[in-house]
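Everything below belongs to data.pdb, which stores PDB, C-alpha atoms and all ligand atoms.
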```pdb
ATOM      1  CA  MET A   1     -15.596 -39.564  48.210
ATOM      2  CA  SER A   2     -16.099 -42.249  50.850
ATOM      3  CA  GLU A   3     -13.764 -45.171  51.444
ATOM      4  CA  MET A   4     -16.401 -47.510  50.086
ATOM      5  CA  GLU A   5     -16.531 -45.711  46.792
ATOM      6  CA  LYS A   6     -12.762 -45.557  46.521
ATOM      7  CA  THR A   7     -12.404 -49.295  46.750
ATOM      8  CA  GLN A   8     -15.100 -49.980  44.216
ATOM      9  CA  LYS A   9     -13.623 -50.710  40.867
ATOM     10  CA  ALA A  10     -14.540 -48.180  38.267
ATOM     11  CA  PRO A  11     -12.296 -48.203  35.244
ATOM     12  CA  LYS A  12     -10.076 -45.157  35.312
ATOM     13  CA  ALA A  13     -11.350 -42.773  32.746
ATOM     14  CA  GLN A  14      -8.734 -41.207  30.540
ATOM     15  CA  VAL A  15     -11.103 -38.398  29.810
ATOM     16  CA  LYS A  16     -11.770 -35.636  32.265
ATOM     17  CA  LYS A  17     -14.175 -32.785  32.571
ATOM     18  CA  ASN A  18     -13.245 -29.778  30.440
ATOM     19  CA  ASP A  19     -10.962 -31.831  28.195
ATOM     20  CA  GLN A  20     -10.998 -31.029  24.530
ATOM     21  CA  VAL A  21     -11.908 -34.200  22.703
ATOM     22  CA  LEU A  22     -12.334 -35.413  19.174
ATOM     23  CA  VAL A  23     -15.505 -37.376  18.542
ATOM     24  CA  MET A  24     -14.736 -40.621  16.720
ATOM     25  CA  ALA A  25     -18.169 -42.026  16.024
ATOM     26  CA  GLY A  26     -21.786 -41.208  15.563
ATOM     27  CA  ARG A  27     -23.515 -38.238  14.037
ATOM     28  CA  ASN A  28     -20.924 -35.800  15.341
ATOM     29  CA  ARG A  29     -17.942 -37.760  14.158
ATOM     30  CA  GLY A  30     -14.929 -35.528  13.555
ATOM     31  CA  VAL A  31     -16.193 -32.772  15.823
ATOM     32  CA  LYS A  32     -13.921 -31.275  18.413
ATOM     33  CA  SER A  33     -15.622 -30.220  21.592
ATOM     34  CA  ARG A  34     -15.398 -29.954  25.342
ATOM     35  CA  VAL A  35     -16.281 -32.579  27.926
ATOM     36  CA  LEU A  36     -19.035 -31.406  30.237
ATOM     37  CA  ARG A  37     -19.343 -34.499  32.392
ATOM     38  CA  VAL A  38     -17.740 -37.915  32.758
ATOM     39  CA  MET A  39     -19.487 -40.960  34.140
ATOM     40  CA  PRO A  40     -16.646 -43.428  34.754
ATOM     41  CA  GLY A  41     -18.980 -46.055  36.166
ATOM     42  CA  GLU A  42     -20.893 -46.194  32.921
ATOM     43  CA  GLY A  43     -17.890 -45.473  30.763
ATOM     44  CA  ARG A  44     -19.687 -42.578  29.196
ATOM     45  CA  ALA A  45     -19.355 -38.841  28.905
ATOM     46  CA  VAL A  46     -21.366 -35.807  27.949
ATOM     47  CA  VAL A  47     -19.671 -33.644  25.353
ATOM     48  CA  GLU A  48     -20.804 -30.137  24.540
ATOM     49  CA  HIS A  49     -23.128 -29.990  21.527
ATOM     50  CA  VAL A  50     -22.490 -33.639  20.725
ATOM     51  CA  ASN A  51     -25.186 -36.279  20.432
ATOM     52  CA  MET A  52     -27.956 -33.752  20.928
ATOM     53  CA  ILE A  53     -31.251 -35.333  21.804
ATOM     54  CA  LYS A  54     -34.643 -33.743  21.757
ATOM     55  CA  ARG A  55     -36.728 -34.000  24.850
ATOM     56  CA  HIS A  56     -40.330 -33.060  24.776
ATOM     57  CA  THR A  57     -41.203 -31.256  27.943
ATOM     58  CA  ARG A  58     -44.585 -30.379  29.283
ATOM     59  CA  GLN A  59     -45.294 -26.905  30.482
ATOM     60  CA  ASN A  60     -45.074 -26.536  34.234
ATOM     61  CA  PRO A  61     -45.692 -22.931  35.307
ATOM     62  CA  GLN A  62     -45.103 -23.755  38.969
ATOM     63  CA  LYS A  63     -41.540 -24.733  38.208
ATOM     64  CA  GLY A  64     -41.180 -22.072  35.569
ATOM     65  CA  VAL A  65     -40.723 -24.700  32.883
ATOM     66  CA  GLN A  66     -41.839 -23.780  29.419
ATOM     67  CA  GLY A  67     -43.310 -26.535  27.358
ATOM     68  CA  GLY A  68     -41.843 -27.554  24.084
ATOM     69  CA  ILE A  69     -38.862 -29.324  22.683
ATOM     70  CA  LEU A  70     -35.704 -29.097  24.652
ATOM     71  CA  GLU A  71     -32.388 -30.046  23.160
ATOM     72  CA  ARG A  72     -29.876 -31.625  25.458
ATOM     73  CA  GLU A  73     -26.620 -33.454  25.106
ATOM     74  CA  GLY A  74     -26.901 -37.202  25.233
ATOM     75  CA  THR A  75     -24.066 -39.382  26.444
ATOM     76  CA  ILE A  76     -21.350 -40.827  24.296
ATOM     77  CA  HIS A  77     -19.191 -43.829  25.052
ATOM     78  CA  LEU A  78     -15.691 -42.976  26.204
ATOM     79  CA  SER A  79     -14.218 -45.263  23.582
ATOM     80  CA  ASN A  80     -15.693 -42.972  20.960
ATOM     81  CA  VAL A  81     -13.799 -39.901  22.011
ATOM     82  CA  LYS A  82     -10.122 -39.118  21.853
ATOM     83  CA  VAL A  83      -8.455 -36.617  24.125
ATOM     84  CA  ILE A  84      -6.831 -33.716  22.340
ATOM     85  CA  CYS A  85      -3.457 -32.996  23.872
ATOM     86  CA  PRO A  86      -3.317 -29.449  25.223
ATOM     87  CA  GLU A  87       0.354 -29.264  24.255
ATOM     88  CA  CYS A  88       0.540 -30.539  20.702
ATOM     89  CA  GLY A  89      -3.133 -30.155  19.844
ATOM     90  CA  GLU A  90      -3.314 -33.662  18.402
ATOM     91  CA  PRO A  91      -5.964 -36.240  19.217
ATOM     92  CA  THR A  92      -3.992 -38.797  21.101
ATOM     93  CA  ARG A  93      -4.003 -41.775  23.359
ATOM     94  CA  VAL A  94      -3.019 -40.959  26.876
ATOM     95  CA  GLY A  95      -0.866 -42.870  29.280
ATOM     96  CA  ARG A  96      -0.604 -42.341  32.965
ATOM     97  CA  THR A  97       2.304 -41.442  35.132
ATOM     98  CA  ARG A  98       2.842 -40.576  38.720
ATOM     99  CA  LEU A  99       4.955 -37.655  39.780
ATOM    100  CA  GLU A 100       7.378 -37.842  42.681
ATOM    101  CA  ASP A 101       4.844 -36.185  44.933
ATOM    102  CA  GLY A 102       2.387 -38.961  44.057
ATOM    103  CA  LYS A 103       0.195 -36.816  41.887
ATOM    104  CA  GLY A 104      -1.203 -38.679  38.929
ATOM    105  CA  MET A 105      -0.733 -37.092  35.538
ATOM    106  CA  ARG A 106      -1.720 -38.060  32.051
ATOM    107  CA  VAL A 107       0.873 -38.303  29.337
ATOM    108  CA  CYS A 108       0.389 -37.597  25.666
ATOM    109  CA  LYS A 109       1.544 -40.620  23.669
ATOM    110  CA  LYS A 110       2.543 -38.329  20.822
ATOM    111  CA  CYS A 111       4.587 -35.561  22.409
ATOM    112  CA  ASN A 112       5.046 -36.965  25.942
ATOM    113  CA  ALA A 113       3.645 -33.816  27.510
ATOM    114  CA  LYS A 114       2.207 -34.321  30.964
ATOM    115  CA  PHE A 115      -1.134 -32.792  31.647
TER     116      PHE A 115
HETATM  117 ZN    ZN B 201       0.814 -33.985  22.804
END
```
I need this file expressed as structure tokens, please.
Ligand SMILES: [Zn+2]
Amino acid sequence: MSEMEKTQKAPKAQVKKNDQVLVMAGRNRGVKSRVLRVMPGEGRAVVEHVNMIKRHTRQNPQKGVQGGILEREGTIHLSNVKVICPECGEPTRVGRTRLEDGKGMRVCKKCNAKF
């Protein structure tokens, strides 16, 4: 990441790639799944098998693309997912803390586990 990007203010996302999350809203409300991608700038994330959208694709033999309907994950707003604590397994709010070596960690508000 360049210095420019570092100084730009993107809200710190509490959710990270590969987190287990609970979906709080939308069609997949109540589903627990894994975060595939986080877009902090947009405040959105892609969660596995959540918010599936159908995309109609045209056949393109040169690129080896088969035509038809492709299902892909759409994005979901970060406020609509809750991180599931890897320690206590509960959907929780997360705080932040900094270890002595300066490494940032997240803290489960329920069991105080750092992760
Ligand atoms: Zn916990």
Give one line per residue of chain A that approaches ligand ZN 201 (chain B) to at most 10 Å, naming the two atoms of the closest pair and their distance in Å to one decimal, counting only C-alpha atoms and all ligand atoms; sort by chain then ascending residue number and deliver it as CSV.
```
residue,atom,partner,partner_atom,distance
A:Val83,CA,B:ZN201,ZN,9.7
A:Ile84,CA,B:ZN201,ZN,7.7
A:Cys85,CA,B:ZN201,ZN,4.5
A:Pro86,CA,B:ZN201,ZN,6.6
A:Glu87,CA,B:ZN201,ZN,5.0
A:Cys88,CA,B:ZN201,ZN,4.0
A:Gly89,CA,B:ZN201,ZN,6.2
A:Glu90,CA,B:ZN201,ZN,6.0
A:Pro91,CA,B:ZN201,ZN,8.0
A:Thr92,CA,B:ZN201,ZN,7.0
A:Arg93,CA,B:ZN201,ZN,9.2
A:Val94,CA,B:ZN201,ZN,8.9
A:Val107,CA,B:ZN201,ZN,7.8
A:Cys108,CA,B:ZN201,ZN,4.6
A:Lys109,CA,B:ZN201,ZN,6.7
A:Lys110,CA,B:ZN201,ZN,5.1
A:Cys111,CA,B:ZN201,ZN,4.1
A:Asn112,CA,B:ZN201,ZN,6.1
A:Ala113,CA,B:ZN201,ZN,5.5
A:Lys114,CA,B:ZN201,ZN,8.3
A:Phe115,CA,B:ZN201,ZN,9.1
```
Give the centre and edge lengths of an axis-aligned box, in Å to one decimal, that holds all listed atoms of region 99-105 of chain A with 4 Å on each side, as AutoDock Vina command-line options.
```
--center_x 3.1 --center_y -37.6 --center_z 40.2 --size_x 16.6 --size_y 10.8 --size_z 17.4
```
For this session: Using CA of Val15 (chain A) and CA of Arg44 (chain A) as the two end points, give the distance in Å to one decimal.
Result: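 Spanning CA of Val15 (chain A) to CA of Arg44 (chain A) is a straight-line distance of 9.6 Å.
In terms of minimum interatomic distance to Ser79 (chain A), A:Gln14 ranks closest within A:Ser33, A:Gln14, A:Thr97, A:Gln66, counting all atoms listed in the file.
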Problem set entry | d(CA of Lys16 (chain A), CA of Glu42 (chain A)) in Å |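 Going from CA of Lys16 (chain A) over to CA of Glu42 (chain A), I get 14.0 Å.
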Name the residues captured by the PyMOL selection byres (((chain A and resi 37) around 12) and not hetatm) when it is applied to the shown file; answer as a compact mmCIF listing (two decimals) with C-alpha atoms, in the coordinates of the input.
```
# COMPACT_ATOMS: atom_id res chain seq x y z
CA ALA A 13 -11.35 -42.77 32.75
CA VAL A 15 -11.10 -38.40 29.81
CA LYS A 16 -11.77 -35.64 32.26
CA LYS A 17 -14.18 -32.78 32.57
CA ASN A 18 -13.24 -29.78 30.44
CA ASP A 19 -10.96 -31.83 28.20
CA GLN A 20 -11.00 -31.03 24.53
CA ARG A 34 -15.40 -29.95 25.34
CA VAL A 35 -16.28 -32.58 27.93
CA LEU A 36 -19.04 -31.41 30.24
CA VAL A 38 -17.74 -37.92 32.76
CA MET A 39 -19.49 -40.96 34.14
CA PRO A 40 -16.65 -43.43 34.75
CA GLU A 42 -20.89 -46.19 32.92
CA GLY A 43 -17.89 -45.47 30.76
CA ARG A 44 -19.69 -42.58 29.20
CA ALA A 45 -19.36 -38.84 28.90
CA VAL A 46 -21.37 -35.81 27.95
CA VAL A 47 -19.67 -33.64 25.35
CA GLU A 48 -20.80 -30.14 24.54
CA GLU A 73 -26.62 -33.45 25.11
CA GLY A 74 -26.90 -37.20 25.23
CA THR A 75 -24.07 -39.38 26.44
CA ILE A 76 -21.35 -40.83 24.30
CA HIS A 77 -19.19 -43.83 25.05
CA LEU A 78 -15.69 -42.98 26.20
```
For this session: Find the residues near Thr57 (chain A): any atom within 10 Å, counting only C-alpha atoms, skip ones fewer than 2 places away on the same chain, and give them as a ChimeraX atom specification.
Result: /A:54-55,59-60,65-70
For this session: To one decimal in Å, tell me the separation between CA of Asn28 (chain A) and CA of Asn51 (chain A).
Result: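 These two atoms are separated by 6.7 Å.
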For this session: Would you list the contacts of region 29-32 of chain A as a PyMOL selection string, taking every protein, DNA or RNA residue within 9 Å and counting all atoms listed in the file, but skipping same-chain residues closer than 6 positions in sequence?
Result: chain A and resi 20-23+50+80+84
For this session: Using only C-alpha atoms, find the one residue out of A:His49, A:Lys82, A:Gly41, A:Arg72 that sits nearest to Ala25 (chain A).
Result: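 Under the stated criterion, the closest residue is A:Lys82.
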For this session: Rank nothing, just name the residue among A:Arg98, A:Lys103, A:Gly26, A:Glu71 nearest to His56 (chain A), using all atoms listed in the file.
Result: A:Glu71
